[in-house]
>>> print(open('upload21.txt').read())   # compact mmCIF, C-alpha atoms and all ligand atoms
# COMPACT_ATOMS: atom_id res chain seq x y z
CA MET A 548 2.68 11.39 -13.38
CA LYS A 549 3.25 8.77 -10.71
CA GLU A 550 1.53 5.42 -11.38
CA ALA A 551 -0.44 3.64 -8.69
CA PRO A 552 0.52 0.04 -7.81
CA ALA A 553 -1.10 -2.36 -10.28
CA ASP A 554 -3.57 -3.75 -7.76
CA ASN A 555 -4.71 -0.38 -6.38
CA ILE A 556 -8.49 0.00 -6.78
CA PHE A 557 -8.47 3.68 -7.64
CA GLY A 558 -5.52 3.18 -9.99
CA LYS A 559 -7.64 0.58 -11.76
CA ILE A 560 -10.54 3.01 -11.92
CA LEU A 561 -8.27 5.67 -13.45
CA ARG A 562 -7.01 3.20 -16.06
CA ARG A 563 -10.64 2.16 -16.67
CA GLU A 564 -9.90 -1.43 -15.73
CA LEU A 565 -12.74 -1.01 -13.21
CA PRO A 566 -15.93 0.95 -13.92
CA SER A 567 -16.88 4.11 -12.07
CA TRP A 568 -19.59 6.73 -12.23
CA GLU A 569 -17.57 9.67 -13.51
CA ILE A 570 -18.45 13.11 -12.23
CA HIS A 571 -15.52 15.09 -13.56
CA SER A 572 -12.29 14.44 -15.43
CA ASP A 573 -9.37 16.67 -16.34
CA GLU A 574 -5.63 16.35 -16.91
CA LEU A 575 -4.77 16.37 -13.22
CA SER A 576 -7.78 14.99 -11.37
CA TYR A 577 -10.70 12.61 -11.59
CA ALA A 578 -13.98 12.58 -9.65
CA PHE A 579 -16.47 9.76 -9.32
CA LEU A 580 -19.29 8.59 -7.12
CA ASP A 581 -18.43 6.66 -3.99
CA ILE A 582 -19.70 3.12 -4.23
CA PHE A 583 -20.85 3.01 -0.64
CA PRO A 584 -22.16 6.55 -0.21
CA GLN A 585 -22.53 8.09 3.20
CA SER A 586 -25.27 10.18 1.63
CA GLU A 587 -26.70 10.58 -1.84
CA GLY A 588 -24.17 12.37 -4.05
CA HIS A 589 -21.11 11.28 -2.05
CA THR A 590 -18.28 11.97 -4.48
CA LEU A 591 -14.58 11.12 -4.43
CA VAL A 592 -11.89 13.30 -5.99
CA ILE A 593 -8.43 11.89 -6.74
CA PRO A 594 -5.30 13.27 -8.36
CA ARG A 595 -4.19 11.49 -11.53
CA SER A 596 -0.65 11.37 -10.23
CA TYR A 597 -0.49 8.71 -7.51
CA SER A 598 0.06 9.47 -3.86
CA GLU A 599 -0.88 7.10 -1.07
CA ASN A 600 -2.18 9.93 1.06
CA ILE A 601 -2.12 13.69 1.47
CA LEU A 602 1.28 13.61 3.17
CA GLU A 603 2.85 12.04 0.09
CA CYS A 604 1.31 14.54 -2.30
CA SER A 605 3.14 17.60 -3.63
CA THR A 606 1.68 21.04 -3.02
CA GLU A 607 1.02 21.46 -6.75
CA GLU A 608 -0.81 18.14 -7.08
CA LEU A 609 -2.80 18.93 -3.99
CA ALA A 610 -3.75 22.36 -5.30
CA ALA A 611 -5.05 20.82 -8.52
CA CYS A 612 -7.07 18.27 -6.60
CA MET A 613 -8.50 20.87 -4.26
CA ALA A 614 -9.44 23.10 -7.19
CA THR A 615 -11.60 20.23 -8.41
CA VAL A 616 -13.08 19.70 -4.95
CA ARG A 617 -13.90 23.39 -4.76
CA ARG A 618 -15.45 23.36 -8.19
CA LEU A 619 -17.59 20.30 -7.50
CA MET A 620 -18.83 21.28 -4.06
CA PRO A 621 -21.54 23.76 -5.13
CA ALA A 622 -22.66 21.47 -7.92
CA VAL A 623 -22.98 18.49 -5.59
CA ARG A 624 -24.74 20.60 -3.02
CA ARG A 625 -27.21 22.07 -5.48
CA ALA A 626 -27.84 18.75 -7.17
CA MET A 627 -28.60 17.01 -3.90
CA GLY A 628 -30.49 19.90 -2.37
CA ALA A 629 -28.11 19.66 0.56
CA GLY A 630 -27.75 22.40 3.12
CA GLY A 631 -24.11 21.59 3.73
CA ILE A 632 -21.13 19.59 2.54
CA THR A 633 -18.43 17.73 4.43
CA VAL A 634 -15.03 17.46 2.70
CA LEU A 635 -12.51 15.09 4.22
CA THR A 636 -9.56 12.87 3.56
CA ASN A 637 -8.61 9.99 5.83
CA THR A 638 -4.86 9.57 6.23
CA GLY A 639 -3.68 6.15 7.35
CA ILE A 640 -5.47 2.96 8.37
CA GLU A 641 -5.87 4.25 11.91
CA ALA A 642 -7.87 7.18 10.57
CA GLY A 643 -10.12 4.89 8.58
CA GLN A 644 -8.35 5.10 5.22
CA SER A 645 -9.33 1.91 3.44
CA VAL A 646 -8.04 2.72 -0.05
CA PRO A 647 -4.32 3.63 -0.19
CA TYR A 648 -4.74 6.30 -2.86
CA LEU A 649 -5.25 9.93 -1.87
CA HIS A 650 -8.91 10.85 -2.18
CA PHE A 651 -11.16 13.60 -0.95
CA HIS A 652 -14.68 12.78 0.09
CA ILE A 653 -17.36 15.31 -0.81
CA ILE A 654 -20.34 14.34 1.33
CA PRO A 655 -23.62 16.22 0.98
CA ARG A 656 -25.13 16.95 4.38
CA HIS A 657 -28.71 17.33 5.47
CA GLY A 658 -29.80 18.37 8.92
CA SER A 659 -31.53 15.08 9.49
CA ASP A 660 -28.80 12.79 8.13
CA LYS A 661 -27.06 10.11 10.12
CA VAL A 662 -23.56 10.75 8.74
CA SER A 663 -21.19 10.11 11.62
CA LEU A 664 -17.43 9.95 11.27
CA TYR A 665 -16.59 9.34 14.90
CA THR A 666 -18.06 9.30 18.35
CA PRO A 667 -17.13 12.56 20.06
CA GLY A 668 -14.68 12.25 22.93
CA ALA A 669 -14.70 14.16 26.20
CA MET A 670 -14.73 17.92 25.86
CA LEU A 671 -11.28 19.45 25.44
CA GLN A 672 -10.10 21.06 28.69
CA GLU A 673 -8.29 24.37 28.65
CA GLU A 674 -5.07 23.11 30.22
CA ASP A 675 -4.87 20.24 27.77
CA ALA A 676 -5.73 22.55 24.88
CA ARG A 677 -2.91 24.92 25.75
CA ARG A 678 -0.37 22.12 26.06
CA ILE A 679 -1.46 20.57 22.77
CA GLN A 680 -1.49 23.93 21.03
CA GLN A 681 2.06 24.63 22.17
CA ALA A 682 3.25 21.18 21.13
CA ILE A 683 1.84 21.57 17.64
CA ARG A 684 3.11 25.13 17.24
CA ALA A 685 6.55 23.97 18.26
CA GLU A 686 6.50 21.58 15.31
CA LEU A 687 5.55 24.28 12.80
CA HIS A 688 8.39 25.71 10.79
P1 LIG A 701 -11.61 5.75 2.86
O1 LIG A 701 -12.24 4.76 3.78
O2 LIG A 701 -10.30 5.22 2.31
O3 LIG A 701 -11.50 7.14 3.38
O4 LIG A 701 -12.60 5.88 1.64
C1 LIG A 701 -12.64 4.95 0.61
C2 LIG A 701 -13.95 5.12 -0.07
O5 LIG A 701 -13.88 4.47 -1.31
C3 LIG A 701 -15.12 4.54 0.70
O6 LIG A 701 -16.09 5.55 0.94
C4 LIG A 701 -15.63 3.44 -0.21
O7 LIG A 701 -17.03 3.37 -0.20
C5 LIG A 701 -15.10 3.85 -1.56
N1 LIG A 701 -14.79 2.74 -2.45
C6 LIG A 701 -14.12 1.60 -2.16
N2 LIG A 701 -14.01 0.84 -3.24
C7 LIG A 701 -14.61 1.52 -4.25
C8 LIG A 701 -14.81 1.23 -5.62
O8 LIG A 701 -14.40 0.19 -6.14
N3 LIG A 701 -15.47 2.17 -6.34
C9 LIG A 701 -15.93 3.33 -5.80
N4 LIG A 701 -16.56 4.17 -6.61
N5 LIG A 701 -15.75 3.63 -4.51
C10 LIG A 701 -15.11 2.73 -3.74
>>> encode(input="upload21.txt", output="structure tokens", more="lines below")
Ligand code: 5GP
Amino acid sequence: MKEAPADNIFGKILRRELPSWEIHSDELSYAFLDIFPQSEGHTLVIPRSYSENILECSTEELAACMATVRRLMPAVRRAMGAGGITVLTNTGIEAGQSVPYLHFHIIPRHGSDKVSLYTPGAMLQEEDARRIQQAIRAELH
């Protein structure tokens, strides 16, 4: 298990130095309510082994974390009477990551909610799409 830096908020929550509203706990992951929920039931899932973000996380650790996300999703949805769920992880400050500890948001969604992660840009044009697609594929191994 990798330890989070001493001053990391989610590390403190894991060590119970800070309180949290626990939703789920097991050997590899921990889930708790987001303190500033985007919607009622907004839950965060973190691996017990520290990674700053998804890119730093091993496939095995990620799989364990995602198993918890998958397990919690229907429960959160049913409990909140939500039609849908948004699962996301912000990677890097530029993407809006404010806590440098890998976490997955589980956000219950209702048709009428005001959850908004970004303002949509201009519609993707075919020529740009093709170029971008090729550039990304070229980076895949
Ligand atoms: P990010 O912006 O990094 O993707 O998400 C961080 C999330 O952590 C935010 O939704 C924020 O509300 C939540 N958060 C920040 N500090 C705390 C805290 O001390 N306790 C809990 N439960 N959530 C927190």
>>> residues_around(input="upload21.txt", residues="region 614-623 of chain A", least_positions_apart="5", cutoff="9 Å", atoms="all atoms listed in the file", output="count of residues only")
21
>>> closest_residue(input="upload21.txt", among="A:Lys549, A:Glu608, A:Glu574, A:Gly643", to="ligand LIG 701 (chain A)", atoms="only C-alpha atoms and all ligand atoms")
A:Gly643
>>> residues_near_ligand(input="upload21.txt", ligand="ligand LIG 701 (chain A)", cutoff="8 Å", atoms="all atoms listed in the file", output="PyMOL selection string")
chain A and resi 556-557+560+565-568+579-585+591+636-638+643-648+650-652
>>> write_last_selection(input="upload21.txt", atoms="C-alpha atoms", output="CSV table (one decimal), in the frame of the given file")
chain,number,residue,atom,x,y,z
A,556,ILE,CA,-8.5,0.0,-6.8
A,557,PHE,CA,-8.5,3.7,-7.6
A,560,ILE,CA,-10.5,3.0,-11.9
A,565,LEU,CA,-12.7,-1.0,-13.2
A,566,PRO,CA,-15.9,1.0,-13.9
A,567,SER,CA,-16.9,4.1,-12.1
A,568,TRP,CA,-19.6,6.7,-12.2
A,579,PHE,CA,-16.5,9.8,-9.3
A,580,LEU,CA,-19.3,8.6,-7.1
A,581,ASP,CA,-18.4,6.7,-4.0
A,582,ILE,CA,-19.7,3.1,-4.2
A,583,PHE,CA,-20.8,3.0,-0.6
A,584,PRO,CA,-22.2,6.6,-0.2
A,585,GLN,CA,-22.5,8.1,3.2
A,591,LEU,CA,-14.6,11.1,-4.4
A,636,THR,CA,-9.6,12.9,3.6
A,637,ASN,CA,-8.6,10.0,5.8
A,638,THR,CA,-4.9,9.6,6.2
A,643,GLY,CA,-10.1,4.9,8.6
A,644,GLN,CA,-8.4,5.1,5.2
A,645,SER,CA,-9.3,1.9,3.4
A,646,VAL,CA,-8.0,2.7,0.0
A,647,PRO,CA,-4.3,3.6,-0.2
A,648,TYR,CA,-4.7,6.3,-2.9
A,650,HIS,CA,-8.9,10.8,-2.2
A,651,PHE,CA,-11.2,13.6,-1.0
A,652,HIS,CA,-14.7,12.8,0.1
>>> axis_aligned_box(input="upload21.txt", around="region 624-638 of chain A", padding_each_side="3 Å", output="AutoDock Vina command-line options")
--center_x -17.7 --center_y 16.0 --center_z -0.5 --size_x 31.6 --size_y 18.8 --size_z 19.4
>>> atom_distance(input="upload21.txt", atom1="CA of Met613 (chain A)", atom2="CA of Ser598 (chain A)")
14.3 Å
>>> closest_residue(input="upload21.txt", among="A:Glu587, A:Arg595, A:Leu561, A:Ser572", to="Lys661 (chain A)", atoms="all atoms listed in the file")
A:Glu587
>>> closest_residue(input="upload21.txt", among="A:Ala551, A:Ile679, A:Leu664, A:Leu687", to="Ser596 (chain A)", atoms="only C-alpha atoms")
A:Ala551
>>> closest_residue(input="upload21.txt", among="A:Ala626, A:Pro594, A:Gln672, A:Gly558", to="Leu575 (chain A)", atoms="all atoms listed in the file")
A:Pro594
>>> atom_distance(input="upload21.txt", atom1="CA of Thr633 (chain A)", atom2="CA of Gly658 (chain A)")
12.2 Å
>>> atom_distance(input="upload21.txt", atom1="CA of Gly639 (chain A)", atom2="CA of Ile593 (chain A)")
15.9 Å
